[in-house]
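Each remark here refers to the structure printed beneath this line.
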Amino acid sequence: MEFLNNLLDQLSTAYELLAAGWGVQLLWGIAWTLAVTVVSMLIGATLGSLVAAAKLSQRGGLRFLGESYTTVFRGEPELLIIYLFYYGGTQVLTGVARSTGSIGPTDILNMPSFLGGVLAVGIISGAYQAEVFRGSFLAIHRGELEAARAYGMSALTRFRLVIMPQVLRLAVPGLGNVWQLTIKDSALISVTGVAELMLSANKAARSTHHSLLFYTLAGILYLVMTSVSTPIFDKAERYTSRSFVRPK
Amino acid sequence: MPANLSAASKAASSPDDDKAAISVKDMRKCFGDHEVLKGISLEAHKGDVISILGSSGSGKSTFLRCINLLEIPDSGEVRVDGELIRMKQGRDGRQMPADMRQVERMRANLAMVFQSFNLWSHMTVLENLVAAPTHVLKRPRAECLEQAEALLKRVGIWERRNYYPPHMSGGQQQRAAIARALAMNPKVMLFDEPTSALDPELVGEVLRVMRSLAEEGRTMLVVTHEMGFARDVSSQVMFLHKGEVDSLGEPKEMFARPPTQQFKQFIANFNK
Amino acid sequence: MDPNFYLSTIWSVLKALPLTLEIWFFGVAIGLVLASGLTWMRASGYRLGELFARAYVFVFRGSPLLVQLYLIYFGLSQFDFVRHSPILWPILRDPMYCTILAMALNTAAYSSEIFRGALRAVPVGQIEAAKAFGMPMFTRFRLVTLPIALRLALPAYSTEIILMTKATALASMVTIMEMMGTAQKIQHDTFRPIEVLTCAGVIYLLLNLSIARLFAFVEYLLSPHLRPPPEQSQQIKPVPEVL
């Protein structure tokens, strides 16, 4: 009985806190987290396909560059990359602005936090996406490429009609994993001051002294975000591989 | 009706009846609704080589696997050297072994040779031969090693004793697997289609080894598609059809005058 | 360019390497024990254990490690019984223990999935052969299932270990002065983040590359049966890509 009362107490406190504005804060946090993740994924997709192409290239130099990219950005702590883009960006911007005289010699021009964060997470995401794309390309049946060549398709046509659709189909499950990884990495850019979910939870925890409540809530919300994306990617996989399933 | 009961009854009335190396009575097994074994009995005495024939789906492999309880039969009894393998009712109403230790002891006496060799891929050939004797029979390692080397010489792959199974041809792997079975000094050897996974040119080397085992008086149950082996080497042929014993008898007799229409058809299909 | 600055930065960060390795080692080791337990629960066939393991993996893989760390370090101290417990409180008020705990709990979830996959990938025929030769369950596991599964798990597990090296950097978020924390302090003091973070980055990269090499070597040692057969063994096998 005492336990139940206690629980009810806790729940009503939680409700009051959330109604007092922290709930809205958390919702905004979710929105920002999703924004950061989507933009990072797009940056990562662009970089990732370029890097994958470099890694698959015949030219040794390009291959080396591609390898280095994936090795470095998958081998470094995410936090370090984020600091590098945020504080490093600030260092560069300040240097440039000071030398052109657009700010005073002791002023600082800060890196926009969203930009810095998204660049860092996007570049990390790109390293993982590059691996996914490369793996998917290698998994395409060699014979299909040969057939395309045998029918006299140009390189571009081959890419558009045979390679692209297959790489996408094979990449869907891997991209689903990278998407979840990117959501989780996005929590780290709270250090730059982007008001995403982690920072919102942080602020709420610090000002209300209810860390348990807010970090638990944040954890649950992240869980919801990562698990909601699973069925979406499953559906995408079914859609992209529809030619491989016997029609009903 | 099983056409040839004479061989079975003759076996049953032999003087050392209770000393049959292995005897199976009325074994039944269903997979879901499909009844794979519809009450099969078999008795093998010391030195018997029984070939078990049948088209695919006749239940012959399942029968062999039920004997050493790799598959659990729904009913029926298995005796090894007269000792009954005790079964009990499981929680889900199915039969299960009453005493796993007894089953393990029984299995150690019935060494099995598989269709796909199933050598342990992370051990060298020599280690494959030594693993079970040292860990199951608890024999001293030095003695096991000595025996293993002798067995490998006998099956002709002593030079490959330090190879890993993936590095050998199918025929060599199967000969190693037979040596692994021999290393247990088994009372009965069970062969589950030992040549079916082999390239045609490798079948001969394995059959030669099996023939020499038969000649030295080993007790063997052989599920096979090799008609030549069944006819020339085995002492009895058992033909399964749709989960039942269709016919059973002396191989010369059976092949010269097929007792049933099914068996006649079966060998006709093979001779085509 | 100021070589002295680089050298002194690298030296300062390197002095924090033992602390980073300490967090890494205990996180990975405790995680390994927990992961074995989870894998066993998952494979045991007990409905309840399986359910627990599934839920555990779902929760710890689905949320960021940072949230887990904050929840343990800041969140759990809200419980009165934690603050008054003579065992829990000394652990949970120490940022170092909390980081190790968070890392261990997190890596256990990922590792148990890796181990489960490896166990399922062990060829059924080889286990059956062990049964057919009368090996009792434990002997079977020790001689056949475990050695084969370990080799199968190694590549994915080495990737997980490297993720853990990267995760040690999160300790700096709870005031621990390991390599990342040290680098950040120097960066704040000097306002030269690019130089400082590059130095730290080089050290992290070298650390991870050495771990990857080490694992590749262990994998090579443990899988003679996957190497080319003896006649061709003169050929040099390329070191597998781990990072």
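Ligands are numbered from 1 in the order shown, residues from 1 within each chain, and chains are lettered A, B, ... in the order they appear in the structure tokens.
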Taking only C-alpha atoms into account, which residues of chain A are within 10 Å of chain C, as number ranges by chain? A: 70-81, 83-92, 180-188, 191, 198, 201-202, 205-206, 209-227
query: Which neighbours of region 220-233 of chain B fall inside 6 Å, counting only C-alpha atoms, when residues of the same chain fewer than 3 positions from it are skipped, and could you give them as number ranges by chain?
result: B: 49-52, 188-193, 251
Write out, as an mmCIF file, in the first residue's frame, the residues just selected, with C-alpha atoms.
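Output (out_20.cif):
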data_model
loop_
_atom_site.group_PDB
_atom_site.id
_atom_site.type_symbol
_atom_site.label_atom_id
_atom_site.label_comp_id
_atom_site.auth_asym_id
_atom_site.auth_seq_id
_atom_site.Cartn_x
_atom_site.Cartn_y
_atom_site.Cartn_z
ATOM 1 C CA VAL B 49 26.655 -56.445 -41.941
ATOM 2 C CA ILE B 50 23.145 -55.228 -42.606
ATOM 3 C CA SER B 51 22.533 -52.947 -45.552
ATOM 4 C CA ILE B 52 19.449 -50.795 -45.194
ATOM 5 C CA VAL B 188 28.473 -51.739 -33.785
ATOM 6 C CA MET B 189 29.226 -49.204 -36.504
ATOM 7 C CA LEU B 190 26.431 -47.121 -37.981
ATOM 8 C CA PHE B 191 26.943 -45.758 -41.497
ATOM 9 C CA ASP B 192 24.499 -43.081 -42.655
ATOM 10 C CA GLU B 193 24.847 -42.906 -46.455
ATOM 11 C CA PRO B 251 21.486 -60.342 -50.409
#
Inset, instruction - Show which residues sit within 10 Å of Leu119 (chain A), as JSON, numbers by chain. Count only C-alpha atoms, and ignore same-chain residues fewer than 4 positions away. - result: {"A": [36, 39, 40, 43, 44, 81, 82, 85, 86, 113, 114, 115, 123, 124, 125]}
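Residues in contact with region 110-125 of chain C at up to 8 Å, not including ones fewer than 5 positions away on its chain and judged by only C-alpha atoms, are Ser116 and Asn118 of chain B; Gly31, Leu32, Ala35, Ser36, Leu38, Thr39, Arg42, Ala43, Val57, Arg61, Thr145, Leu146, Ile148, Ala149, Leu150, Leu152, Ala153, Ala156, Tyr157 and Glu160 of chain C.
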When you get a sec, could you note down which chain B residues fall within 10 Å of chain C, using only C-alpha atoms, as a PyMOL selection string?
-> chain B and resi 65+68-70+100-124+131-133+135-137+162-168+177+180-181+184+186+190
**Request:** Just give me the gap between CA of Val162 (chain A) and CA of Leu145 (chain A) in Å, one decimal is fine.
**Result:**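 Rounded to one decimal, the two atoms are 7.2 Å apart.
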Taken to one decimal, the CA of Thr33 (chain A)-CA of Ile189 (chain A) distance is 9.5 Å
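Atom to atom, CA of Trp32 (chain A) and CA of Val118 (chain A) stand 11.1 Å apart.
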Could you pull out the strand (DSSP E) residues of region 7-225 of chain B, going by DSSP on the backbone, and write them as a ChimeraX atom specification? /B:22-31,34-44,49-53,75-80,83-84,87-89,95-97,110-113,188-192,220-223
